[in-house]
file query-v1.cif (mmCIF, C-alpha atoms and all ligand atoms)
data_query
loop_
_atom_site.label_atom_id
_atom_site.label_comp_id
_atom_site.auth_asym_id
_atom_site.auth_seq_id
_atom_site.Cartn_x
_atom_site.Cartn_y
_atom_site.Cartn_z
CA MET A 1 52.63 87.11 57.66
CA LYS A 2 49.49 86.13 55.82
CA ILE A 3 50.19 83.36 53.35
CA LEU A 4 48.08 81.98 50.51
CA VAL A 5 48.98 78.53 49.16
CA VAL A 6 47.58 77.79 45.69
CA GLY A 7 46.63 74.15 45.05
CA GLY A 8 44.66 71.41 46.74
CA GLY A 9 46.56 68.13 46.96
CA GLY A 10 48.91 66.20 49.24
CA ARG A 11 51.86 68.32 48.17
CA GLU A 12 50.07 71.50 49.19
CA HIS A 13 49.07 69.92 52.51
CA ALA A 14 52.73 69.07 53.20
CA ILE A 15 53.80 72.62 52.30
CA ILE A 16 51.12 74.11 54.56
CA ARG A 17 52.01 71.90 57.53
CA LYS A 18 55.67 72.83 57.19
CA LEU A 19 54.86 76.54 56.83
CA LYS A 20 52.80 76.34 60.01
CA GLU A 21 56.03 75.59 61.91
CA SER A 22 57.40 78.99 60.92
CA PRO A 23 57.11 81.60 63.72
CA ALA A 24 56.54 84.37 61.15
CA VAL A 25 53.32 82.80 59.84
CA ASP A 26 50.08 84.25 61.27
CA LYS A 27 47.51 82.68 59.00
CA ILE A 28 47.42 80.41 55.96
CA TRP A 29 44.74 80.21 53.27
CA ALA A 30 44.51 77.51 50.62
CA ALA A 31 42.96 77.93 47.17
CA PRO A 32 41.14 75.63 46.83
CA GLY A 33 42.61 73.26 49.46
CA ASN A 34 40.51 70.19 50.30
CA GLY A 35 38.54 68.59 53.14
CA GLY A 36 41.64 67.57 55.08
CA ILE A 37 43.68 70.68 54.39
CA ALA A 38 40.81 72.59 56.05
CA ALA A 39 42.17 71.40 59.42
CA ASP A 40 45.38 73.35 58.78
CA ALA A 41 44.38 76.29 56.60
CA ALA A 42 41.36 78.38 55.65
CA CYS A 43 40.16 76.95 52.34
CA VAL A 44 38.73 79.36 49.78
CA ASP A 45 36.73 78.20 46.80
CA ILE A 46 39.02 79.46 44.04
CA LYS A 47 40.43 77.10 41.43
CA ALA A 48 44.22 76.77 41.31
CA THR A 49 44.15 77.84 37.66
CA ASP A 50 42.00 80.93 38.28
CA VAL A 51 44.76 83.54 37.96
CA GLU A 52 42.44 86.54 38.26
CA GLY A 53 40.55 85.01 41.20
CA VAL A 54 43.78 84.34 43.11
CA VAL A 55 45.15 87.84 42.44
CA ASN A 56 41.88 89.46 43.54
CA PHE A 57 41.67 87.34 46.68
CA ALA A 58 45.30 88.14 47.59
CA LYS A 59 44.70 91.85 47.08
CA SER A 60 41.45 92.06 49.03
CA ASN A 61 42.80 90.00 51.94
CA ALA A 62 46.16 91.80 52.16
CA ILE A 63 48.07 88.53 51.60
CA ASP A 64 51.81 89.07 52.14
CA TYR A 65 53.10 86.08 50.18
CA VAL A 66 51.60 83.56 47.78
CA VAL A 67 53.00 80.06 47.26
CA VAL A 68 52.00 78.78 43.83
CA ALA A 69 52.47 75.02 44.04
CA PRO A 70 51.01 73.32 40.91
CA ASP A 71 52.43 73.45 37.38
CA ASP A 72 49.44 74.78 35.46
CA PRO A 73 49.04 78.16 37.23
CA LEU A 74 52.82 78.68 37.00
CA VAL A 75 52.75 77.97 33.27
CA LEU A 76 49.72 80.28 32.98
CA GLY A 77 51.69 83.15 34.53
CA MET A 78 50.16 83.41 37.99
CA VAL A 79 53.44 84.61 39.52
CA ASP A 80 53.73 87.31 36.84
CA ALA A 81 50.15 88.44 37.48
CA LEU A 82 50.75 88.58 41.24
CA ALA A 83 53.99 90.53 40.76
CA ALA A 84 52.15 93.01 38.52
CA ALA A 85 49.74 93.54 41.43
CA GLY A 86 52.66 94.06 43.82
CA ILE A 87 52.28 90.71 45.58
CA PRO A 88 55.44 88.60 45.99
CA ALA A 89 55.10 84.89 45.26
CA PHE A 90 57.04 81.64 45.41
CA GLY A 91 57.54 80.01 42.02
CA PRO A 92 58.88 80.80 38.58
CA ARG A 93 57.42 83.29 36.15
CA ALA A 94 55.74 81.89 33.03
CA ALA A 95 58.85 82.29 30.88
CA ALA A 96 60.84 80.14 33.32
CA ALA A 97 57.98 77.67 33.91
CA ARG A 98 58.38 76.68 30.24
CA ILE A 99 61.12 74.38 31.51
CA GLU A 100 58.22 72.07 32.45
CA GLY A 101 55.44 73.51 30.27
CA SER A 102 57.21 72.75 27.00
CA LYS A 103 59.34 69.65 26.50
CA VAL A 104 60.61 71.18 23.25
CA PHE A 105 61.85 74.21 25.23
CA SER A 106 63.57 72.05 27.86
CA LYS A 107 65.11 69.62 25.37
CA ASN A 108 66.45 72.45 23.21
CA LEU A 109 67.79 74.17 26.33
CA MET A 110 69.69 71.04 27.36
CA LYS A 111 71.07 70.54 23.86
CA LYS A 112 72.19 74.17 23.54
CA TYR A 113 73.96 74.20 26.91
CA GLY A 114 75.35 70.66 26.86
CA ILE A 115 73.26 69.35 29.76
CA PRO A 116 73.12 65.53 29.62
CA THR A 117 69.75 64.15 28.49
CA ALA A 118 68.34 61.52 26.12
CA ASP A 119 68.93 62.11 22.38
CA TYR A 120 65.80 63.39 20.68
CA ALA A 121 64.09 64.98 17.72
CA VAL A 122 61.03 67.26 17.57
CA PHE A 123 58.09 66.79 15.17
CA SER A 124 54.85 68.55 14.35
CA ASN A 125 54.07 66.10 11.58
CA ALA A 126 53.18 62.46 12.38
CA ALA A 127 54.48 61.03 9.08
CA GLU A 128 57.88 62.66 9.57
CA ALA A 129 58.04 61.42 13.16
CA MET A 130 57.24 57.90 11.98
CA ALA A 131 59.86 58.05 9.25
CA TYR A 132 62.46 59.06 11.86
CA ILE A 133 61.44 56.22 14.19
CA ARG A 134 61.57 53.67 11.33
CA GLU A 135 64.98 54.84 10.28
CA LYS A 136 66.39 54.71 13.82
CA ASN A 137 64.77 51.31 14.34
CA GLU A 138 65.67 51.16 18.05
CA TYR A 139 63.06 50.02 20.54
CA PRO A 140 61.74 50.89 23.00
CA VAL A 141 61.38 54.44 21.78
CA VAL A 142 59.87 57.23 23.90
CA VAL A 143 57.19 59.58 22.54
CA LYS A 144 56.39 62.69 24.62
CA ALA A 145 53.70 65.32 24.16
CA ASP A 146 55.26 68.80 24.10
CA GLY A 147 52.88 70.40 26.60
CA LEU A 148 51.41 69.59 30.02
CA ALA A 149 49.37 66.38 30.06
CA LEU A 150 48.66 65.64 33.73
CA GLY A 151 51.81 63.51 33.89
CA LYS A 152 50.43 61.16 31.22
CA GLY A 153 52.08 62.61 28.14
CA VAL A 154 54.93 60.08 27.98
CA LEU A 155 54.46 56.84 26.02
CA ILE A 156 57.14 54.14 25.95
CA CYS A 157 56.70 52.20 22.73
CA GLN A 158 58.11 48.68 22.39
CA THR A 159 57.45 48.24 18.68
CA GLU A 160 56.97 50.22 15.48
CA ALA A 161 53.22 49.55 15.69
CA GLU A 162 53.06 50.95 19.23
CA ALA A 163 54.96 54.04 18.13
CA ALA A 164 52.54 54.55 15.25
CA ASP A 165 49.62 54.25 17.69
CA ALA A 166 51.23 56.73 20.10
CA LEU A 167 51.78 59.29 17.35
CA LYS A 168 48.25 58.84 16.03
CA SER A 169 46.64 59.26 19.45
CA MET A 170 48.71 62.37 20.30
CA MET A 171 48.96 64.11 16.94
CA GLU A 172 45.78 63.08 15.13
CA ASP A 173 43.25 62.05 17.80
CA HIS A 174 44.57 64.79 20.14
CA ILE A 175 44.12 62.76 23.36
CA PHE A 176 46.15 65.43 25.18
CA GLY A 177 44.55 68.32 23.29
CA LYS A 178 46.97 70.93 22.00
CA SER A 179 49.75 69.54 24.25
CA GLY A 180 50.32 66.71 21.75
CA SER A 181 50.34 68.69 18.49
CA THR A 182 54.11 68.73 18.74
CA VAL A 183 55.98 65.70 20.06
CA VAL A 184 59.48 64.85 21.19
CA VAL A 185 60.75 61.44 20.07
CA GLU A 186 63.42 60.33 22.49
CA GLU A 187 66.03 57.66 23.08
CA PHE A 188 65.08 55.17 25.82
CA LEU A 189 67.40 55.43 28.84
CA THR A 190 67.93 52.87 31.59
CA GLY A 191 69.05 53.11 35.20
CA PRO A 192 67.67 54.01 38.61
CA GLU A 193 65.52 57.15 38.71
CA VAL A 194 66.08 59.86 41.29
CA SER A 195 64.02 62.96 42.05
CA VAL A 196 65.97 65.96 43.28
CA LEU A 197 63.94 69.00 44.30
CA SER A 198 65.99 72.15 44.71
CA PHE A 199 65.52 75.69 45.88
CA THR A 200 66.93 78.41 43.68
CA ASP A 201 66.84 82.18 43.55
CA GLY A 202 68.30 82.20 40.04
CA LYS A 203 71.81 82.65 41.41
CA VAL A 204 72.52 79.73 43.74
CA VAL A 205 70.88 76.32 43.81
CA LYS A 206 70.37 74.39 47.05
CA PRO A 207 69.23 70.81 46.48
CA MET A 208 66.89 69.20 48.97
CA VAL A 209 67.27 65.63 50.19
CA SER A 210 66.89 63.22 47.23
CA SER A 211 63.86 60.97 46.85
CA MET A 212 62.45 58.04 44.89
CA ASP A 213 58.96 58.02 43.41
CA HIS A 214 56.93 54.87 42.64
CA LYS A 215 55.01 55.90 39.54
CA ARG A 216 53.25 52.69 38.49
CA ALA A 217 49.89 51.75 39.94
CA LEU A 218 50.79 48.20 41.00
CA ASP A 219 53.49 46.37 42.95
CA ASN A 220 56.78 45.55 41.20
CA ASP A 221 56.37 48.63 39.01
CA GLU A 222 53.54 47.08 37.03
CA GLY A 223 50.31 48.63 35.80
CA LEU A 224 49.66 52.11 34.51
CA ASN A 225 51.66 55.27 35.17
CA THR A 226 50.15 57.39 37.94
CA GLY A 227 50.97 60.71 39.54
CA GLY A 228 52.94 58.67 42.12
CA MET A 229 51.91 55.88 44.53
CA GLY A 230 54.53 56.50 47.19
CA THR A 231 57.96 57.90 47.87
CA VAL A 232 61.01 57.44 50.03
CA ALA A 233 63.83 59.80 50.96
CA PRO A 234 66.75 59.84 50.74
CA ASN A 235 67.24 57.85 47.53
CA PRO A 236 70.07 55.34 48.19
CA TYR A 237 71.27 55.48 44.57
CA TYR A 238 72.02 59.18 45.01
CA THR A 239 75.44 58.86 46.60
CA PRO A 240 77.61 61.89 47.45
CA GLU A 241 79.64 61.19 44.27
CA VAL A 242 76.50 61.18 42.12
CA ALA A 243 75.30 64.35 43.86
CA ALA A 244 78.57 66.12 43.10
CA ALA A 245 78.40 65.06 39.43
CA CYS A 246 74.79 66.27 39.18
CA MET A 247 75.68 69.63 40.70
CA GLU A 248 78.49 70.14 38.21
CA THR A 249 76.97 68.76 35.02
CA ILE A 250 73.25 69.43 35.54
CA PHE A 251 72.14 71.75 38.37
CA LEU A 252 74.54 74.68 37.96
CA PRO A 253 74.49 74.53 34.13
CA THR A 254 70.67 74.59 34.18
CA ILE A 255 70.52 77.69 36.39
CA ALA A 256 73.12 79.37 34.18
CA ALA A 257 71.27 78.35 31.00
CA MET A 258 68.00 79.86 32.22
CA ASN A 259 69.81 83.10 33.03
CA ALA A 260 71.49 83.14 29.64
CA GLU A 261 68.07 82.67 28.00
CA GLY A 262 66.79 85.71 29.89
CA CYS A 263 64.35 83.74 32.03
CA PRO A 264 65.98 83.20 35.44
CA PHE A 265 64.30 80.41 37.39
CA THR A 266 63.24 81.09 40.97
CA GLY A 267 61.31 78.78 43.30
CA CYS A 268 61.55 74.99 43.36
CA LEU A 269 63.22 73.36 40.39
CA TYR A 270 62.66 69.61 40.25
CA PHE A 271 65.26 67.50 38.47
CA GLY A 272 63.92 64.12 37.33
CA LEU A 273 67.14 62.19 36.79
CA MET A 274 68.14 58.81 35.47
CA LEU A 275 71.46 57.39 36.61
CA THR A 276 72.49 55.78 33.34
CA PRO A 277 75.64 53.71 32.76
CA LYS A 278 76.98 56.86 31.04
CA GLY A 279 76.29 59.11 34.04
CA PRO A 280 73.30 61.06 35.34
CA LYS A 281 70.92 62.43 32.70
CA VAL A 282 67.84 64.61 32.89
CA ILE A 283 64.57 62.77 32.16
CA GLU A 284 62.47 65.83 32.86
CA TYR A 285 62.39 69.14 34.68
CA ASN A 286 59.40 70.23 36.72
CA CYS A 287 58.93 73.87 37.66
CA ARG A 288 57.51 73.01 41.12
CA PHE A 289 57.63 70.65 44.07
CA GLY A 290 56.89 67.01 43.20
CA ASP A 291 53.86 65.16 44.44
CA PRO A 292 54.32 62.89 46.43
CA GLU A 293 58.06 63.70 46.75
CA THR A 294 57.21 66.76 48.85
CA GLN A 295 55.47 64.51 51.35
CA VAL A 296 58.82 62.85 52.23
CA VAL A 297 61.20 65.74 51.59
CA LEU A 298 59.62 68.52 53.65
CA PRO A 299 59.12 66.42 56.81
CA LEU A 300 62.93 66.07 56.85
CA LEU A 301 63.56 69.81 56.43
CA LYS A 302 64.99 71.30 59.62
CA SER A 303 65.30 74.90 58.39
CA ASP A 304 62.45 77.41 58.25
CA LEU A 305 60.51 76.85 54.99
CA LEU A 306 59.07 80.36 54.84
CA ASP A 307 62.55 81.90 55.23
CA ILE A 308 63.83 79.76 52.38
CA MET A 309 60.88 80.55 50.13
CA LEU A 310 61.23 84.29 50.75
CA ALA A 311 64.96 83.99 50.03
CA THR A 312 64.24 82.49 46.59
CA THR A 313 62.04 85.50 45.84
CA ASN A 314 64.41 88.09 47.32
CA GLY A 315 67.63 86.66 45.89
CA THR A 316 69.16 85.90 49.29
CA LEU A 317 69.32 82.11 49.16
CA GLU A 318 73.12 82.11 49.40
CA THR A 319 72.98 83.19 53.05
CA THR A 320 69.83 81.27 54.00
CA PRO A 321 70.32 77.84 55.60
CA VAL A 322 68.69 74.81 53.94
CA GLU A 323 69.31 71.88 56.26
CA PHE A 324 67.83 68.41 56.45
CA ALA A 325 67.63 65.86 59.23
CA GLY A 326 69.82 62.83 58.59
CA GLU A 327 66.79 60.55 58.89
CA SER A 328 64.66 58.70 56.35
CA ALA A 329 61.03 59.17 55.36
CA ALA A 330 58.46 57.01 53.57
CA CYS A 331 55.07 57.98 52.16
CA VAL A 332 52.40 55.44 51.18
CA ILE A 333 49.59 56.73 48.97
CA LEU A 334 46.07 55.45 49.61
CA ALA A 335 44.19 55.71 46.32
CA SER A 336 40.67 55.07 45.09
CA GLY A 337 40.29 51.65 43.42
CA GLY A 338 40.53 52.10 39.65
CA TYR A 339 42.91 55.08 39.79
CA PRO A 340 44.51 56.30 37.48
CA GLN A 341 41.48 55.38 35.35
CA LYS A 342 37.84 55.44 36.45
CA TYR A 343 37.18 55.44 40.18
CA ALA A 344 34.36 56.27 42.58
CA THR A 345 34.41 59.12 45.12
CA GLY A 346 32.31 60.02 48.14
CA LYS A 347 33.34 56.92 50.14
CA PRO A 348 33.45 57.51 53.93
CA ILE A 349 36.97 57.34 55.41
CA SER A 350 37.40 55.68 58.80
CA GLY A 351 40.30 55.75 61.26
CA LEU A 352 40.98 59.49 61.30
CA GLU A 353 40.20 62.16 63.88
CA ASN A 354 40.47 65.72 62.62
CA GLY A 355 42.09 64.24 59.55
CA GLN A 356 44.97 62.64 61.46
CA LEU A 357 45.65 59.24 63.05
CA PRO A 358 45.28 59.56 66.80
CA GLY A 359 48.36 58.28 68.56
CA ALA A 360 50.07 57.07 65.39
CA GLU A 361 53.63 58.04 64.65
CA ALA A 362 52.77 59.22 61.15
CA VAL A 363 51.34 62.26 59.42
CA VAL A 364 48.41 62.03 57.04
CA TYR A 365 48.56 64.38 54.06
CA HIS A 366 45.23 64.82 52.31
CA ALA A 367 45.36 64.61 48.53
CA GLY A 368 41.69 64.21 47.65
CA THR A 369 39.22 64.37 50.55
CA ARG A 370 35.96 66.21 51.14
CA GLN A 371 34.27 67.20 54.37
CA THR A 372 30.53 66.34 54.34
CA ALA A 373 27.70 66.19 56.88
CA GLU A 374 28.54 62.47 57.24
CA GLY A 375 32.20 63.23 57.87
CA LEU A 376 35.31 62.93 55.73
CA VAL A 377 34.87 61.17 52.35
CA THR A 378 37.10 60.37 49.39
CA GLY A 379 37.24 63.03 46.71
CA GLY A 380 39.92 62.08 44.21
CA GLY A 381 42.13 59.38 42.70
CA ARG A 382 44.88 59.81 45.22
CA VAL A 383 43.13 60.25 48.55
CA LEU A 384 45.71 60.28 51.34
CA GLY A 385 49.46 60.05 51.80
CA VAL A 386 50.72 58.51 55.04
CA THR A 387 54.26 59.64 55.89
CA ALA A 388 56.54 58.37 58.65
CA THR A 389 60.09 59.35 59.47
CA ALA A 390 62.67 57.25 61.34
CA PRO A 391 66.42 56.93 61.73
CA THR A 392 66.46 54.13 59.11
CA LEU A 393 64.50 53.69 55.89
CA ALA A 394 63.37 50.22 56.98
CA ASP A 395 61.78 51.67 60.11
CA ALA A 396 60.20 54.57 58.23
CA VAL A 397 58.59 52.17 55.74
CA GLN A 398 57.38 49.87 58.51
CA LYS A 399 55.91 52.79 60.48
CA ALA A 400 54.19 54.25 57.42
CA TYR A 401 52.52 50.90 56.61
CA ALA A 402 51.54 50.28 60.25
CA ALA A 403 49.82 53.67 60.26
CA ALA A 404 48.25 53.17 56.82
CA ASP A 405 46.73 49.88 58.05
CA LYS A 406 44.51 51.89 60.41
CA ILE A 407 42.78 53.81 57.62
CA ARG A 408 39.89 52.32 55.66
CA PHE A 409 37.55 53.28 52.84
CA GLU A 410 35.67 51.24 50.27
CA GLY A 411 37.85 50.36 47.29
CA LEU A 412 41.11 51.51 48.94
CA HIS A 413 44.09 50.65 46.75
CA ARG A 414 47.72 51.02 47.70
CA ARG A 415 51.01 49.47 46.74
CA SER A 416 52.53 47.13 49.29
CA ASP A 417 56.13 47.56 48.13
CA ILE A 418 56.94 51.23 48.63
CA GLY A 419 60.63 51.41 49.61
CA LYS A 420 61.37 47.81 48.65
CA ARG A 421 63.75 48.67 45.82
CA ALA A 422 65.46 51.36 47.87
CA LEU A 423 65.97 48.91 50.72
CA ALA A 424 67.37 46.28 48.36
CA ALA A 425 69.76 48.87 46.90
CA LYS A 426 71.07 49.67 50.37
CA GLN A 427 72.51 46.19 50.95
P1 LIG B 501 57.64 61.95 32.89
O1 LIG B 501 56.15 62.13 32.76
O2 LIG B 501 58.45 62.80 31.96
O3 LIG B 501 58.07 61.94 34.33
O4 LIG B 501 57.92 60.46 32.41
C1 LIG B 501 57.29 59.42 33.06
C2 LIG B 501 58.23 58.27 33.19
O5 LIG B 501 58.58 57.76 31.90
C3 LIG B 501 59.55 58.63 33.83
O6 LIG B 501 59.50 58.65 35.21
C4 LIG B 501 60.44 57.53 33.31
O7 LIG B 501 60.26 56.37 34.10
C5 LIG B 501 59.89 57.26 31.94
N1 LIG B 501 60.70 57.93 30.92
C6 LIG B 501 60.58 59.18 30.45
N2 LIG B 501 61.52 59.44 29.53
C7 LIG B 501 62.27 58.33 29.41
C8 LIG B 501 63.42 57.96 28.63
N3 LIG B 501 63.97 58.79 27.75
N4 LIG B 501 63.93 56.73 28.79
C9 LIG B 501 63.37 55.86 29.68
N5 LIG B 501 62.30 56.14 30.43
C10 LIG B 501 61.76 57.37 30.32
N1 LIG B 502 55.84 62.71 41.35
C1 LIG B 502 56.18 63.23 40.08
C2 LIG B 502 55.80 64.64 39.87
O1 LIG B 502 55.43 65.36 40.77
O2 LIG B 502 55.86 65.07 38.73
#
call {"tool": "encode", "arguments": {"input": "query-v1.cif", "output": "C-alpha cells"}}
result
Amino acid sequence: MKILVVGGGGREHAIIRKLKESPAVDKIWAAPGNGGIAADAACVDIKATDVEGVVNFAKSNAIDYVVVAPDDPLVLGMVDALAAAGIPAFGPRAAAARIEGSKVFSKNLMKKYGIPTADYAVFSNAAEAMAYIREKNEYPVVVKADGLALGKGVLICQTEAEAADALKSMMEDHIFGKSGSTVVVEEFLTGPEVSVLSFTDGKVVKPMVSSMDHKRALDNDEGLNTGGMGTVAPNPYYTPEVAAACMETIFLPTIAAMNAEGCPFTGCLYFGLMLTPKGPKVIEYNCRFGDPETQVVLPLLKSDLLDIMLATTNGTLETTPVEFAGESAACVILASGGYPQKYATGKPISGLENGQLPGAEAVVYHAGTRQTAEGLVTGGGRVLGVTATAPTLADAVQKAYAAADKIRFEGLHRRSDIGKRALAAKQ
C-alpha cells in the first residue's frame, strides 16, 4: 500500500517508523515531514493544514491510505475531505474532532453523559466569568480557551488578580485569537496525570500502554508549559484497578456518548486523565496521538500498526489484535534553548549519521530538523526525541540519557529528570 502521513514532528516520525515495519507498506510519503523524517519517508512540501493540497496529492499519487496525525487538519475536516474524494484515512471526522477542537463541546459532552471531569462553567463575557470566579472564591482556578491554542490555552490562576489577567488576555486582548472568545472556567484538580491513547473504530475501544508526559520546561516540573519535554511508558500510577475503572467510567461511556451525539469517533482518542482522590477524571481529550507520548507508546507496540489503523477505519477493531511488549520506554526531548518562548534555529547537529545514533541502543525521532548543504540543523523548538526501551523503566531512562549525551547542538536544552517521578512511584 501507498501511505501518506500528514504532519511533520516527532510523533509523525514515530508513526512512520512503526508503519515501515508493516509488510503491507510499499512506500510512505510525509506532508510536510522534516529533515530527519526524510530518511524514512518521501517528504512533500505541503502544509499539514492544507486540506486541498493533501487531497490533491493523494489523488494524483494514487495513495491508498492517509494518516492524519495533528489536531488542526482533523478539526478542519481533512478526513471528511479525503472521504469525499474516495480516499480512506485514519482519524476522526471534523464533527468528532470537536472533542479536542472545542473544550465547550467536550465539557458539555461529559456533563450530559456523566463522565467524570472537573466542575466548570462556560462564558463568552469576561465580566460574567469574573463574577463567577469571585463568587466561588476557590483558588487556584483554571481558565481554558475554548478552541485550539497550540497546547497553551490553559491558565492556572492562583489569585483573583491572576484570573482577571487570564480572562483579559484571552477574551479582550485575544492572545489565542478566536479560540479564547469563549472560555471554560474550571475547578482545579489534583493527583497524578496519566495519558492513555486508545484505538477506536466507534464500536470498541482498545487502549494502548499508558504513559506519563513531562509538560514543564524545567526539572522538578518548573518553568513554562511546553508541548512535552519527555515521556515514559507505562505509567506506574495506572494500575490494573485504575485501568478497569477508567474503562468503565470514562472510555466506554465516551465512545457511547459520541455515537449518541451522531458523531462516532474513529482513530486515536487520547484521554488526558487525572487520578484524583475521588477517582480518575478527564482533564482533556485529544482527537489524535500525543506528542511525545507516541514516541514511547508505539515502540512498545508488537502488533501491526497499519492493520490496526485500517481496522479503525473499516470497523473491524474487535477482531484485530492490539498487543504491547511488557517492557518500558523512555523518551528525552532535546529542545532549542529558549523553547517554548523565543529560540534560534539553524544550529548544526552533531553525533548523528543518517539521522540516527550509530551503534546506540536508542531511536532518534526528529521533531524539528532541516537538511541543509552543511548537514542536519535544528529547525524548531523541540528538535529531537531520543527513545530507549528496556525490561525496566530504570534501564530505559538510563539508556535514553546515555544516547542523548552523544548528541550536541548549540543551545541544546533538555530536562535531566524524565522518569524520576515514575521511578519514585514504583517503590
Ligand atoms: P491541557 O492543555 O488541557 O493538557 O492542560 C495543560 C495542563 O494543565 C494539564 O496537563 C494539567 O497539568 C493542567 N490542568 C488542566 N486542567 C486542570 C484542572 N482542572 N486541574 C488541575 N490541572 C489542570
Ligand atoms: N503531549 C501532550 C499532547 O500531545 O497533547
call {"tool": "closest_residue", "arguments": {"input": "query-v1.cif", "among": "A:Gly177, A:Gly228, A:Pro73, A:Gly33", "to": "ligand LIG 501 (chain B)", "atoms": "only C-alpha atoms and all ligand atoms"}}
result
A:Gly228
call {"tool": "closest_atom_pairs", "arguments": {"input": "query-v1.cif", "of": "chain A", "to": "ligand LIG 502 (chain B)", "cutoff": "7 Å", "atoms": "all atoms listed in the file", "output": "CSV"}}
result
residue,atom,partner,partner_atom,distance
A:Gly151,CA,B:LIG502,O2,6.5
A:Asp213,CA,B:LIG502,N1,6.0
A:Gly227,CA,B:LIG502,N1,5.6
A:Gly228,CA,B:LIG502,N1,5.0
A:Asn286,CA,B:LIG502,O2,6.6
A:Phe289,CA,B:LIG502,O1,6.6
A:Gly290,CA,B:LIG502,O1,3.3
A:Asp291,CA,B:LIG502,O1,4.0
A:Pro292,CA,B:LIG502,N1,5.3
A:Glu293,CA,B:LIG502,N1,5.9
call {"tool": "closest_atom_pairs", "arguments": {"input": "query-v1.cif", "of": "chain A", "to": "ligand LIG 501 (chain B)", "cutoff": "7 Å", "atoms": "only C-alpha atoms and all ligand atoms", "output": "Markdown table"}}
result
| residue | atom | partner | partner_atom | distance |
| --- | --- | --- | --- | --- |
| A:Ala118 | CA | B:LIG501 | N3 | 5.4 |
| A:Val142 | CA | B:LIG501 | N3 | 5.8 |
| A:Gly151 | CA | B:LIG501 | O1 | 4.7 |
| A:Lys152 | CA | B:LIG501 | O1 | 6.0 |
| A:Gly153 | CA | B:LIG501 | O1 | 6.2 |
| A:Val154 | CA | B:LIG501 | O1 | 5.3 |
| A:Glu186 | CA | B:LIG501 | N3 | 5.5 |
| A:Glu187 | CA | B:LIG501 | N3 | 5.2 |
| A:Phe188 | CA | B:LIG501 | N4 | 3.5 |
| A:Leu189 | CA | B:LIG501 | N4 | 3.7 |
| A:Thr190 | CA | B:LIG501 | C9 | 5.8 |
| A:Lys215 | CA | B:LIG501 | O6 | 6.8 |
| A:Gly272 | CA | B:LIG501 | O3 | 6.9 |
| A:Ile283 | CA | B:LIG501 | N2 | 5.2 |
| A:Glu284 | CA | B:LIG501 | O2 | 5.1 |
call {"tool": "closest_residue", "arguments": {"input": "query-v1.cif", "among": "A:Pro321, A:Pro88, A:Gly77, A:Gly262", "to": "Tyr65 (chain A)", "atoms": "all atoms listed in the file"}}
result
A:Pro88
call {"tool": "residues_around", "arguments": {"input": "query-v1.cif", "residues": "region 243-253 of chain A", "least_positions_apart": "4", "cutoff": "8 Å", "atoms": "only C-alpha atoms", "output": "VMD selection string"}}
result
chain A and resid 113 115 to 116 204 to 205 238 to 239 257 280 to 282
call {"tool": "write_last_selection", "arguments": {"input": "query-v1.cif", "atoms": "C-alpha atoms", "output": "mmCIF file, in the coordinates of the input"}}
result
data_model
loop_
_atom_site.group_PDB
_atom_site.id
_atom_site.type_symbol
_atom_site.label_atom_id
_atom_site.label_comp_id
_atom_site.auth_asym_id
_atom_site.auth_seq_id
_atom_site.Cartn_x
_atom_site.Cartn_y
_atom_site.Cartn_z
ATOM 1 C CA TYR A 113 73.960 74.200 26.910
ATOM 2 C CA ILE A 115 73.260 69.350 29.760
ATOM 3 C CA PRO A 116 73.120 65.530 29.620
ATOM 4 C CA VAL A 204 72.520 79.730 43.740
ATOM 5 C CA VAL A 205 70.880 76.320 43.810
ATOM 6 C CA TYR A 238 72.020 59.180 45.010
ATOM 7 C CA THR A 239 75.440 58.860 46.600
ATOM 8 C CA ALA A 257 71.270 78.350 31.000
ATOM 9 C CA PRO A 280 73.300 61.060 35.340
ATOM 10 C CA LYS A 281 70.920 62.430 32.700
ATOM 11 C CA VAL A 282 67.840 64.610 32.890
#
call {"tool": "closest_residue", "arguments": {"input": "query-v1.cif", "among": "A:Gly326, A:Gly114, A:Gly411, A:Pro70", "to": "Gly101 (chain A)", "atoms": "all atoms listed in the file"}}
result
A:Pro70
call {"tool": "residues_around", "arguments": {"input": "query-v1.cif", "residues": "region 365-375 of chain A", "least_positions_apart": "2", "cutoff": "6 Å", "atoms": "only C-alpha atoms", "output": "mmCIF file with C-alpha atoms, keeping the file's coordinate frame"}}
result
data_model
loop_
_atom_site.group_PDB
_atom_site.id
_atom_site.type_symbol
_atom_site.label_atom_id
_atom_site.label_comp_id
_atom_site.auth_asym_id
_atom_site.auth_seq_id
_atom_site.Cartn_x
_atom_site.Cartn_y
_atom_site.Cartn_z
ATOM 1 C CA GLY A 9 46.560 68.130 46.960
ATOM 2 C CA GLY A 10 48.910 66.200 49.240
ATOM 3 C CA HIS A 13 49.070 69.920 52.510
ATOM 4 C CA ASN A 34 40.510 70.190 50.300
ATOM 5 C CA GLY A 35 38.540 68.590 53.140
ATOM 6 C CA GLY A 36 41.640 67.570 55.080
ATOM 7 C CA VAL A 377 34.870 61.170 52.350
ATOM 8 C CA THR A 378 37.100 60.370 49.390
ATOM 9 C CA GLY A 379 37.240 63.030 46.710
ATOM 10 C CA GLY A 380 39.920 62.080 44.210
ATOM 11 C CA ARG A 382 44.880 59.810 45.220
ATOM 12 C CA VAL A 383 43.130 60.250 48.550
ATOM 13 C CA LEU A 384 45.710 60.280 51.340
ATOM 14 C CA GLY A 385 49.460 60.050 51.800
#
call {"tool": "residues_around", "arguments": {"input": "query-v1.cif", "residues": "Leu155 (chain A)", "least_positions_apart": "3", "cutoff": "9 Å", "atoms": "all atoms listed in the file", "output": "ChimeraX atom specification"}}
result
/A:141-145,152,163,166
call {"tool": "write_last_selection", "arguments": {"input": "query-v1.cif", "atoms": "C-alpha atoms", "output": "compact mmCIF listing (two decimals), in the frame of the given file"}}
result
# COMPACT_ATOMS: atom_id res chain seq x y z
CA VAL A 141 61.38 54.44 21.78
CA VAL A 142 59.87 57.23 23.90
CA VAL A 143 57.19 59.58 22.54
CA LYS A 144 56.39 62.69 24.62
CA ALA A 145 53.70 65.32 24.16
CA LYS A 152 50.43 61.16 31.22
CA ALA A 163 54.96 54.04 18.13
CA ALA A 166 51.23 56.73 20.10
call {"tool": "residues_around", "arguments": {"input": "query-v1.cif", "residues": "region 134-139 of chain A", "least_positions_apart": "6", "cutoff": "10 Å", "atoms": "all atoms listed in the file", "output": "list in words"}}
result
Glu128, Ile156, Cys157, Gln158, Thr159, Glu160, Ala163, Ala164, Glu187 and Phe188 of chain A
